[in-house]
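Trainee: Contents are compact mmCIF, C-alpha atoms; file name work.txt:
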# COMPACT_ATOMS: atom_id res chain seq x y z
CA MET P 1179 210.64 32.39 148.28
CA SER P 1180 207.39 30.64 147.53
CA GLU P 1181 204.04 31.39 149.13
CA ASN P 1182 205.25 29.32 152.10
CA SER P 1183 207.60 30.99 154.51
CA ARG P 1184 210.57 28.95 155.66
CA LEU P 1185 210.83 27.99 159.30
CA VAL P 1186 214.01 26.78 160.91
CA CYS P 1187 213.98 26.36 164.68
CA ALA P 1188 216.01 24.54 167.28
CA VAL P 1189 214.42 21.38 168.65
CA GLY P 1190 212.37 22.27 171.72
CA SER P 1191 212.71 26.05 171.30
CA GLY P 1192 209.67 27.18 169.38
CA PRO P 1193 206.84 26.33 167.03
CA LEU P 1194 207.31 23.31 164.82
CA PRO P 1195 207.21 23.79 161.07
CA THR P 1196 203.78 22.94 159.65
CA LYS P 1197 205.45 20.96 156.89
CA LEU P 1198 208.63 19.35 158.23
CA TYR P 1199 211.39 18.76 155.68
CA ALA P 1200 214.14 17.36 157.90
CA ILE P 1201 215.86 17.30 161.25
CA GLY P 1202 219.51 18.29 161.29
CA ALA P 1203 222.28 17.93 163.84
CA GLU P 1204 225.79 19.32 164.10
CA PHE P 1205 228.87 17.29 164.99
CA ALA P 1206 232.21 18.53 166.32
CA ASN P 1207 234.66 16.62 164.14
CA PRO P 1208 234.98 13.98 161.39
CA LYS P 1209 235.48 11.13 163.85
CA GLU P 1210 232.17 11.87 165.60
CA LEU P 1211 230.39 12.29 162.27
CA TYR P 1212 231.77 8.97 160.98
CA ALA P 1213 230.60 7.09 164.09
CA ALA P 1214 227.22 8.84 163.98
CA ALA P 1215 226.78 7.96 160.29
CA GLU P 1216 227.30 4.28 161.06
CA LYS P 1217 224.63 4.43 163.79
CA VAL P 1218 222.10 6.22 161.57
CA ARG P 1219 222.76 3.65 158.83
CA ASP P 1220 222.28 0.80 161.32
CA LYS P 1221 218.87 2.23 162.33
CA GLY P 1222 217.74 1.68 158.72
CA TYR P 1223 217.27 5.26 157.49
CA LYS P 1224 217.48 5.69 153.72
CA TRP P 1225 216.84 9.42 153.09
CA TRP P 1226 219.57 11.15 155.03
CA ASP P 1227 222.91 12.72 154.29
CA CYS P 1228 226.18 13.91 155.81
CA TYR P 1229 227.56 17.36 154.99
CA THR P 1230 231.24 18.07 155.48
CA PRO P 1231 233.67 20.83 154.49
CA TYR P 1232 235.99 18.26 152.90
CA TYR P 1233 236.04 14.62 151.79
CA ILE P 1234 236.18 12.07 154.61
CA HIS P 1235 237.62 8.74 153.48
CA GLY P 1236 235.24 5.84 154.06
CA LEU P 1237 232.23 8.01 154.94
CA ASP P 1238 230.31 6.62 151.96
CA LYS P 1239 230.79 3.10 153.36
CA ALA P 1240 229.82 4.27 156.85
CA MET P 1241 226.62 5.66 155.31
CA GLY P 1242 225.96 2.39 153.48
CA LEU P 1243 226.00 4.00 150.03
CA LYS P 1244 226.20 1.76 147.01
CA LYS P 1245 228.28 2.35 143.93
CA SER P 1246 227.06 5.25 141.79
CA LEU P 1247 225.07 4.59 138.63
CA VAL P 1248 226.85 7.38 136.74
CA GLY P 1249 229.19 4.76 135.25
CA LEU P 1250 226.23 3.15 133.46
CA PHE P 1251 225.34 6.49 131.87
CA THR P 1252 228.98 6.89 130.81
CA PHE P 1253 229.10 3.38 129.33
CA ALA P 1254 225.81 3.92 127.46
CA GLY P 1255 227.12 7.22 126.05
CA GLY P 1256 230.40 5.64 124.95
CA LEU P 1257 228.67 2.68 123.36
CA THR P 1258 226.19 4.97 121.59
CA GLY P 1259 229.03 7.18 120.29
CA LEU P 1260 231.02 4.20 119.08
CA THR P 1261 228.05 2.45 117.43
CA GLY P 1262 226.52 5.62 116.03
CA GLY P 1263 229.84 6.83 114.64
CA PHE P 1264 230.60 3.44 113.13
CA LEU P 1265 227.20 3.30 111.43
CA LEU P 1266 227.44 6.90 110.22
CA ILE P 1267 230.89 6.43 108.70
CA THR P 1268 230.14 2.99 107.25
CA ILE P 1269 226.82 3.94 105.69
CA SER P 1270 228.09 7.21 104.25
CA SER P 1271 231.47 6.00 102.94
CA VAL P 1272 230.50 2.48 101.80
CA PHE P 1273 226.90 2.73 100.63
CA VAL P 1274 225.77 6.32 100.07
CA TYR P 1275 228.86 8.03 98.69
CA PRO P 1276 231.67 5.57 97.97
CA ILE P 1277 234.85 7.22 96.67
CA ASP P 1278 237.82 5.22 95.47
CA THR P 1279 240.86 7.03 96.84
CA GLN P 1280 244.27 5.59 95.93
CA ALA P 1281 242.80 2.11 95.51
CA LYS P 1282 241.98 1.85 99.19
CA PRO P 1283 238.91 -0.15 100.20
CA PHE P 1284 235.68 1.76 100.91
CA PHE P 1285 235.62 0.32 104.41
CA ALA P 1286 239.03 1.16 105.95
CA LEU P 1287 238.77 0.80 109.72
CA PRO P 1288 242.16 2.38 110.58
CA GLY P 1289 240.98 5.64 109.01
CA PHE P 1290 237.79 5.57 111.08
CA VAL P 1291 239.48 5.08 114.48
CA PRO P 1292 240.14 8.77 115.33
CA ILE P 1293 236.55 9.76 114.56
CA LEU P 1294 235.10 6.80 116.48
CA ASP P 1295 237.36 7.56 119.43
CA LEU P 1296 236.30 11.22 119.54
CA LEU P 1297 232.59 10.42 119.24
CA MET P 1298 232.89 7.83 122.01
CA ILE P 1299 234.70 10.28 124.33
CA ILE P 1300 232.35 13.19 123.64
CA LEU P 1301 229.16 11.18 124.17
CA SER P 1302 230.63 9.52 127.28
CA ALA P 1303 231.38 12.94 128.77
CA ILE P 1304 227.95 14.31 127.89
CA MET P 1305 226.15 11.29 129.33
CA SER P 1306 228.28 11.43 132.50
CA ILE P 1307 227.11 14.98 133.09
CA VAL P 1308 223.49 14.08 132.27
CA GLY P 1309 223.65 11.07 134.60
CA MET P 1310 225.19 13.05 137.45
CA THR P 1311 222.69 15.90 137.22
CA THR P 1312 219.75 13.51 136.88
CA LEU P 1313 220.74 11.29 139.80
CA CYS P 1314 221.52 14.32 142.00
CA MET P 1315 218.14 15.85 141.08
CA LEU P 1316 219.80 19.01 139.78
CA PRO P 1317 219.35 21.85 139.08
CA ARG P 1318 217.84 22.82 142.40
CA LEU P 1319 217.31 26.54 142.75
CA HIS P 1320 216.36 26.41 146.41
CA HIS P 1321 216.83 23.91 149.21
CA PRO P 1322 215.25 24.17 152.68
CA LEU P 1323 218.65 23.53 154.31
CA TRP P 1324 219.89 26.86 153.02
CA GLU P 1325 217.63 28.60 155.53
CA TRP P 1326 219.48 27.01 158.47
CA ASP P 1327 222.08 29.58 159.57
CA ALA P 1328 224.41 27.00 161.14
CA PHE P 1329 224.42 25.05 157.87
CA ASN P 1330 226.45 27.83 156.21
CA ARG P 1331 229.44 26.46 158.13
CA ALA P 1332 229.15 23.07 156.35
CA THR P 1333 231.55 24.35 153.71
CA HIS P 1334 233.86 25.92 156.28
CA ASP P 1335 234.45 23.93 159.48
CA LYS P 1336 231.29 22.10 160.68
CA PHE P 1337 229.89 18.62 160.13
CA PHE P 1338 226.18 17.81 159.83
CA ILE P 1339 223.77 14.91 159.52
CA VAL P 1340 220.31 15.65 158.17
CA ILE P 1341 217.53 13.05 158.30
CA GLU P 1342 214.72 13.85 155.86
CA ALA P 1343 211.08 13.61 156.88
CA ASN P 1344 210.13 11.65 153.74
CA ASP P 1345 212.23 8.67 154.89
CA PRO P 1346 210.02 5.57 155.26
CA ARG P 1347 211.32 4.96 158.82
CA PHE P 1348 211.06 8.61 159.88
CA ASN P 1349 209.48 9.34 163.23
CA GLU P 1350 210.08 12.82 164.60
CA LYS P 1351 210.68 11.79 168.20
CA ALA P 1352 212.80 8.76 167.26
CA ALA P 1353 214.96 10.83 164.90
CA VAL P 1354 215.53 13.55 167.52
CA ASP P 1355 216.36 10.94 170.16
CA LEU P 1356 218.75 9.16 167.81
CA LEU P 1357 220.57 12.36 166.86
CA ARG P 1358 220.92 13.31 170.53
CA GLU P 1359 222.07 9.81 171.47
CA ILE P 1360 224.83 9.75 168.83
CA GLY P 1361 226.24 13.09 169.96
CA GLY P 1362 224.50 15.59 167.72
CA THR P 1363 224.29 19.18 168.92
CA ASN P 1364 222.32 22.17 167.61
CA LEU P 1365 219.39 19.89 166.67
CA THR P 1366 217.13 21.80 164.32
CA TYR P 1367 213.75 21.35 162.64
CA ILE P 1368 213.84 22.43 158.99
CA GLY P 1369 210.61 22.98 157.10
CA ASP P 1370 207.88 25.28 155.85
CA GLU P 1371 205.32 27.28 157.76
CA GLU P 1372 202.15 27.37 155.66
Produce structure tokens that represent the structure in this file.
Mentor:
Amino acid sequence: MSENSRLVCAVGSGPLPTKLYAIGAEFANPKELYAAAEKVRDKGYKWWDCYTPYYIHGLDKAMGLKKSLVGLFTFAGGLTGLTGGFLLITISSVFVYPIDTQAKPFFALPGFVPILDLLMIILSAIMSIVGMTTLCMLPRLHHPLWEWDAFNRATHDKFFIVIEANDPRFNEKAAVDLLREIGGTNLTYIGDEE
């Protein structure tokens, strides 16, 4: 814990956190969560998320999520591996240390293919991991949601929507009203008490 103590309290039940991180709501089943996600998306919120114990097909579209940028990291890694490997092999075998083996040309592309393929695969994999961790803002050693007792069930049998307070459209009363209106239960303020 930091110098701030964490405060998680049900909406309307106690003191508000001094520094509000988010407002969370629980939903009974995937169907309710899916419909609620569409309504939150339609209200224009950008910094919010759904938490489920398993994958729900189409939830990313209901949330209005765009295609992930991890593929660009993967492509850049593959291209770097292919280009870097090609330059390394070409420069070393053609210009720096040319060896005439069995009257084969110094530049023999078929012999380079396995090495180029491996370098491309390895750098693609590394850049995929780098891209995923960067875009997900990992590693994160602590998250305010972990203080919410009900949230422990997100990996077991409960469904949640959490709207973050740093969203440009965030208004505490409007967010609470929206979550109630779309069927959220166990509405909770999540934040720090300074």
Trainee: Just how far from atom CA of Gly1362 of chain P is atom CA of Tyr1232 of chain P, in Å to one decimal?
Mentor: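 Those two atoms sit 18.9 Å apart.
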Trainee: Quick one: distance from atom CA of Asp1295 of chain P to atom CA of Leu1260 of chain P in Å, one decimal?
Mentor: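 So the two atoms, atom CA of Asp1295 of chain P and atom CA of Leu1260 of chain P, lie 7.2 Å apart.
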Trainee: At a cut-off of 9 Å, using all atoms listed in the file, what residues contact Ile1341 of chain P? Leave out same-chain residues fewer than 6 positions from it and give the result as a PDB file with C-alpha atoms, keeping the file's coordinate frame.
Mentor:
ATOM      1  CA  TYR P1199     211.390  18.760 155.680  1.00  0.00           C
ATOM      2  CA  ALA P1200     214.140  17.360 157.900  1.00  0.00           C
ATOM      3  CA  ILE P1201     215.860  17.300 161.250  1.00  0.00           C
ATOM      4  CA  GLY P1202     219.510  18.290 161.290  1.00  0.00           C
ATOM      5  CA  ALA P1203     222.280  17.930 163.840  1.00  0.00           C
ATOM      6  CA  VAL P1218     222.100   6.220 161.570  1.00  0.00           C
ATOM      7  CA  TYR P1223     217.270   5.260 157.490  1.00  0.00           C
ATOM      8  CA  LYS P1224     217.480   5.690 153.720  1.00  0.00           C
ATOM      9  CA  TRP P1225     216.840   9.420 153.090  1.00  0.00           C
ATOM     10  CA  TRP P1226     219.570  11.150 155.030  1.00  0.00           C
ATOM     11  CA  ASP P1227     222.910  12.720 154.290  1.00  0.00           C
ATOM     12  CA  PHE P1348     211.060   8.610 159.880  1.00  0.00           C
ATOM     13  CA  ALA P1353     214.960  10.830 164.900  1.00  0.00           C
TER      14      ALA P1353
END
Trainee: Rank nothing, just name the residue among P:Leu1237, P:Leu1316, P:Gly1262, P:Ser1306 nearest to Ile1293 of chain P, using all atoms listed in the file.
Mentor: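 For Ile1293 of chain P, the nearest of the candidates is P:Gly1262.
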Trainee: So, counting all atoms listed in the file, which residue among P:Ala1188, P:Leu1365, P:Met1310, P:Ile1360 is closest to Glu1210 of chain P?
Mentor: P:Ile1360
Trainee: Name the residues in contact with segment 1330-1339 of chain P at a cut-off of 8 Å, using all atoms listed in the file, excluding same-chain residues fewer than 4 positions from it; report them as a list of chain:residue names.
Mentor: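 That gives P:Gly1202, P:Ala1203, P:Glu1204, P:Phe1205, P:Ala1206, P:Asn1207, P:Pro1208, P:Leu1211, P:Ala1215, P:Trp1226, P:Asp1227, P:Cys1228, P:Tyr1229, P:Thr1230, P:Pro1231, P:Tyr1232, P:Trp1324, P:Trp1326.
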Trainee: Would you work out the distance separating atom CA of Thr1366 of chain P from atom CA of Gly1236 of chain P, expressed in Å to one decimal?
Mentor: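 Here the two named atoms are 26.2 Å from each other.
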Trainee: Name the residues, using the chain letters and numbers of the file, that sit within 10 Å of (228.3, 7.3, 118.2) when counting only C-alpha atoms, and give them as a PyMOL selection string.
Mentor: chain P and resi 1255-1267+1293-1302
Trainee: Can you patch up segment 1200-1220 of chain P, filling it in to N, CA, C and O atoms, and show the result as a PDB file, in the coordinates of the input?
Mentor:
ATOM      1  N   ALA P1200     213.059  18.183 157.349  1.00  0.00           N
ATOM      2  CA  ALA P1200     214.140  17.360 157.900  1.00  0.00           C
ATOM      3  C   ALA P1200     214.474  17.791 159.316  1.00  0.00           C
ATOM      4  O   ALA P1200     214.033  18.831 159.779  1.00  0.00           O
ATOM      5  N   ILE P1201     215.276  16.956 159.963  1.00  0.00           N
ATOM      6  CA  ILE P1201     215.860  17.300 161.250  1.00  0.00           C
ATOM      7  C   ILE P1201     217.362  17.187 161.080  1.00  0.00           C
ATOM      8  O   ILE P1201     217.875  16.180 160.591  1.00  0.00           O
ATOM      9  N   GLY P1202     218.063  18.255 161.467  1.00  0.00           N
ATOM     10  CA  GLY P1202     219.510  18.290 161.290  1.00  0.00           C
ATOM     11  C   GLY P1202     220.227  18.364 162.622  1.00  0.00           C
ATOM     12  O   GLY P1202     219.680  18.848 163.610  1.00  0.00           O
ATOM     13  N   ALA P1203     221.453  17.880 162.636  1.00  0.00           N
ATOM     14  CA  ALA P1203     222.280  17.930 163.840  1.00  0.00           C
ATOM     15  C   ALA P1203     223.722  18.239 163.440  1.00  0.00           C
ATOM     16  O   ALA P1203     224.179  17.858 162.361  1.00  0.00           O
ATOM     17  N   GLU P1204     224.407  18.917 164.328  1.00  0.00           N
ATOM     18  CA  GLU P1204     225.790  19.320 164.100  1.00  0.00           C
ATOM     19  C   GLU P1204     226.719  18.399 164.897  1.00  0.00           C
ATOM     20  O   GLU P1204     226.380  17.971 165.998  1.00  0.00           O
ATOM     21  N   PHE P1205     227.882  18.120 164.326  1.00  0.00           N
ATOM     22  CA  PHE P1205     228.870  17.290 164.990  1.00  0.00           C
ATOM     23  C   PHE P1205     230.208  18.024 165.023  1.00  0.00           C
ATOM     24  O   PHE P1205     230.513  18.820 164.137  1.00  0.00           O
ATOM     25  N   ALA P1206     230.993  17.753 166.056  1.00  0.00           N
ATOM     26  CA  ALA P1206     232.210  18.530 166.320  1.00  0.00           C
ATOM     27  C   ALA P1206     233.358  18.231 165.366  1.00  0.00           C
ATOM     28  O   ALA P1206     234.120  19.116 165.010  1.00  0.00           O
ATOM     29  N   ASN P1207     233.506  16.968 164.962  1.00  0.00           N
ATOM     30  CA  ASN P1207     234.660  16.620 164.140  1.00  0.00           C
ATOM     31  C   ASN P1207     234.344  15.420 163.252  1.00  0.00           C
ATOM     32  O   ASN P1207     233.302  14.780 163.408  1.00  0.00           O
ATOM     33  N   PRO P1208     235.238  15.088 162.312  1.00  0.00           N
ATOM     34  CA  PRO P1208     234.980  13.980 161.390  1.00  0.00           C
ATOM     35  C   PRO P1208     234.818  12.631 162.071  1.00  0.00           C
ATOM     36  O   PRO P1208     234.032  11.799 161.623  1.00  0.00           O
ATOM     37  N   LYS P1209     235.557  12.411 163.142  1.00  0.00           N
ATOM     38  CA  LYS P1209     235.480  11.130 163.850  1.00  0.00           C
ATOM     39  C   LYS P1209     234.073  10.909 164.419  1.00  0.00           C
ATOM     40  O   LYS P1209     233.498   9.831 164.293  1.00  0.00           O
ATOM     41  N   GLU P1210     233.530  11.955 165.050  1.00  0.00           N
ATOM     42  CA  GLU P1210     232.170  11.870 165.600  1.00  0.00           C
ATOM     43  C   GLU P1210     231.153  11.675 164.488  1.00  0.00           C
ATOM     44  O   GLU P1210     230.209  10.896 164.623  1.00  0.00           O
ATOM     45  N   LEU P1211     231.327  12.402 163.394  1.00  0.00           N
ATOM     46  CA  LEU P1211     230.390  12.290 162.270  1.00  0.00           C
ATOM     47  C   LEU P1211     230.424  10.876 161.688  1.00  0.00           C
ATOM     48  O   LEU P1211     229.379  10.292 161.393  1.00  0.00           O
ATOM     49  N   TYR P1212     231.610  10.314 161.530  1.00  0.00           N
ATOM     50  CA  TYR P1212     231.770   8.970 160.980  1.00  0.00           C
ATOM     51  C   TYR P1212     231.037   7.948 161.855  1.00  0.00           C
ATOM     52  O   TYR P1212     230.270   7.117 161.353  1.00  0.00           O
ATOM     53  N   ALA P1213     231.260   8.027 163.164  1.00  0.00           N
ATOM     54  CA  ALA P1213     230.600   7.090 164.090  1.00  0.00           C
ATOM     55  C   ALA P1213     229.086   7.294 164.074  1.00  0.00           C
ATOM     56  O   ALA P1213     228.313   6.324 164.098  1.00  0.00           O
ATOM     57  N   ALA P1214     228.657   8.544 164.015  1.00  0.00           N
ATOM     58  CA  ALA P1214     227.220   8.840 163.980  1.00  0.00           C
ATOM     59  C   ALA P1214     226.592   8.320 162.697  1.00  0.00           C
ATOM     60  O   ALA P1214     225.475   7.786 162.713  1.00  0.00           O
ATOM     61  N   ALA P1215     227.305   8.447 161.577  1.00  0.00           N
ATOM     62  CA  ALA P1215     226.780   7.960 160.290  1.00  0.00           C
ATOM     63  C   ALA P1215     226.553   6.457 160.336  1.00  0.00           C
ATOM     64  O   ALA P1215     225.543   5.954 159.826  1.00  0.00           O
ATOM     65  N   GLU P1216     227.467   5.734 160.945  1.00  0.00           N
ATOM     66  CA  GLU P1216     227.300   4.280 161.060  1.00  0.00           C
ATOM     67  C   GLU P1216     226.044   3.942 161.876  1.00  0.00           C
ATOM     68  O   GLU P1216     225.305   3.014 161.546  1.00  0.00           O
ATOM     69  N   LYS P1217     225.790   4.705 162.952  1.00  0.00           N
ATOM     70  CA  LYS P1217     224.630   4.430 163.790  1.00  0.00           C
ATOM     71  C   LYS P1217     223.320   4.778 163.091  1.00  0.00           C
ATOM     72  O   LYS P1217     222.338   4.049 163.225  1.00  0.00           O
ATOM     73  N   VAL P1218     223.312   5.870 162.332  1.00  0.00           N
ATOM     74  CA  VAL P1218     222.100   6.220 161.570  1.00  0.00           C
ATOM     75  C   VAL P1218     221.842   5.158 160.509  1.00  0.00           C
ATOM     76  O   VAL P1218     220.705   4.722 160.310  1.00  0.00           O
ATOM     77  N   ARG P1219     222.895   4.711 159.831  1.00  0.00           N
ATOM     78  CA  ARG P1219     222.760   3.650 158.830  1.00  0.00           C
ATOM     79  C   ARG P1219     222.198   2.377 159.468  1.00  0.00           C
ATOM     80  O   ARG P1219     221.302   1.738 158.920  1.00  0.00           O
ATOM     81  N   ASP P1220     222.713   2.016 160.652  1.00  0.00           N
ATOM     82  CA  ASP P1220     222.280   0.800 161.320  1.00  0.00           C
ATOM     83  C   ASP P1220     220.818   0.867 161.764  1.00  0.00           C
ATOM     84  O   ASP P1220     220.178  -0.171 161.921  1.00  0.00           O
TER      85      ASP P1220
END
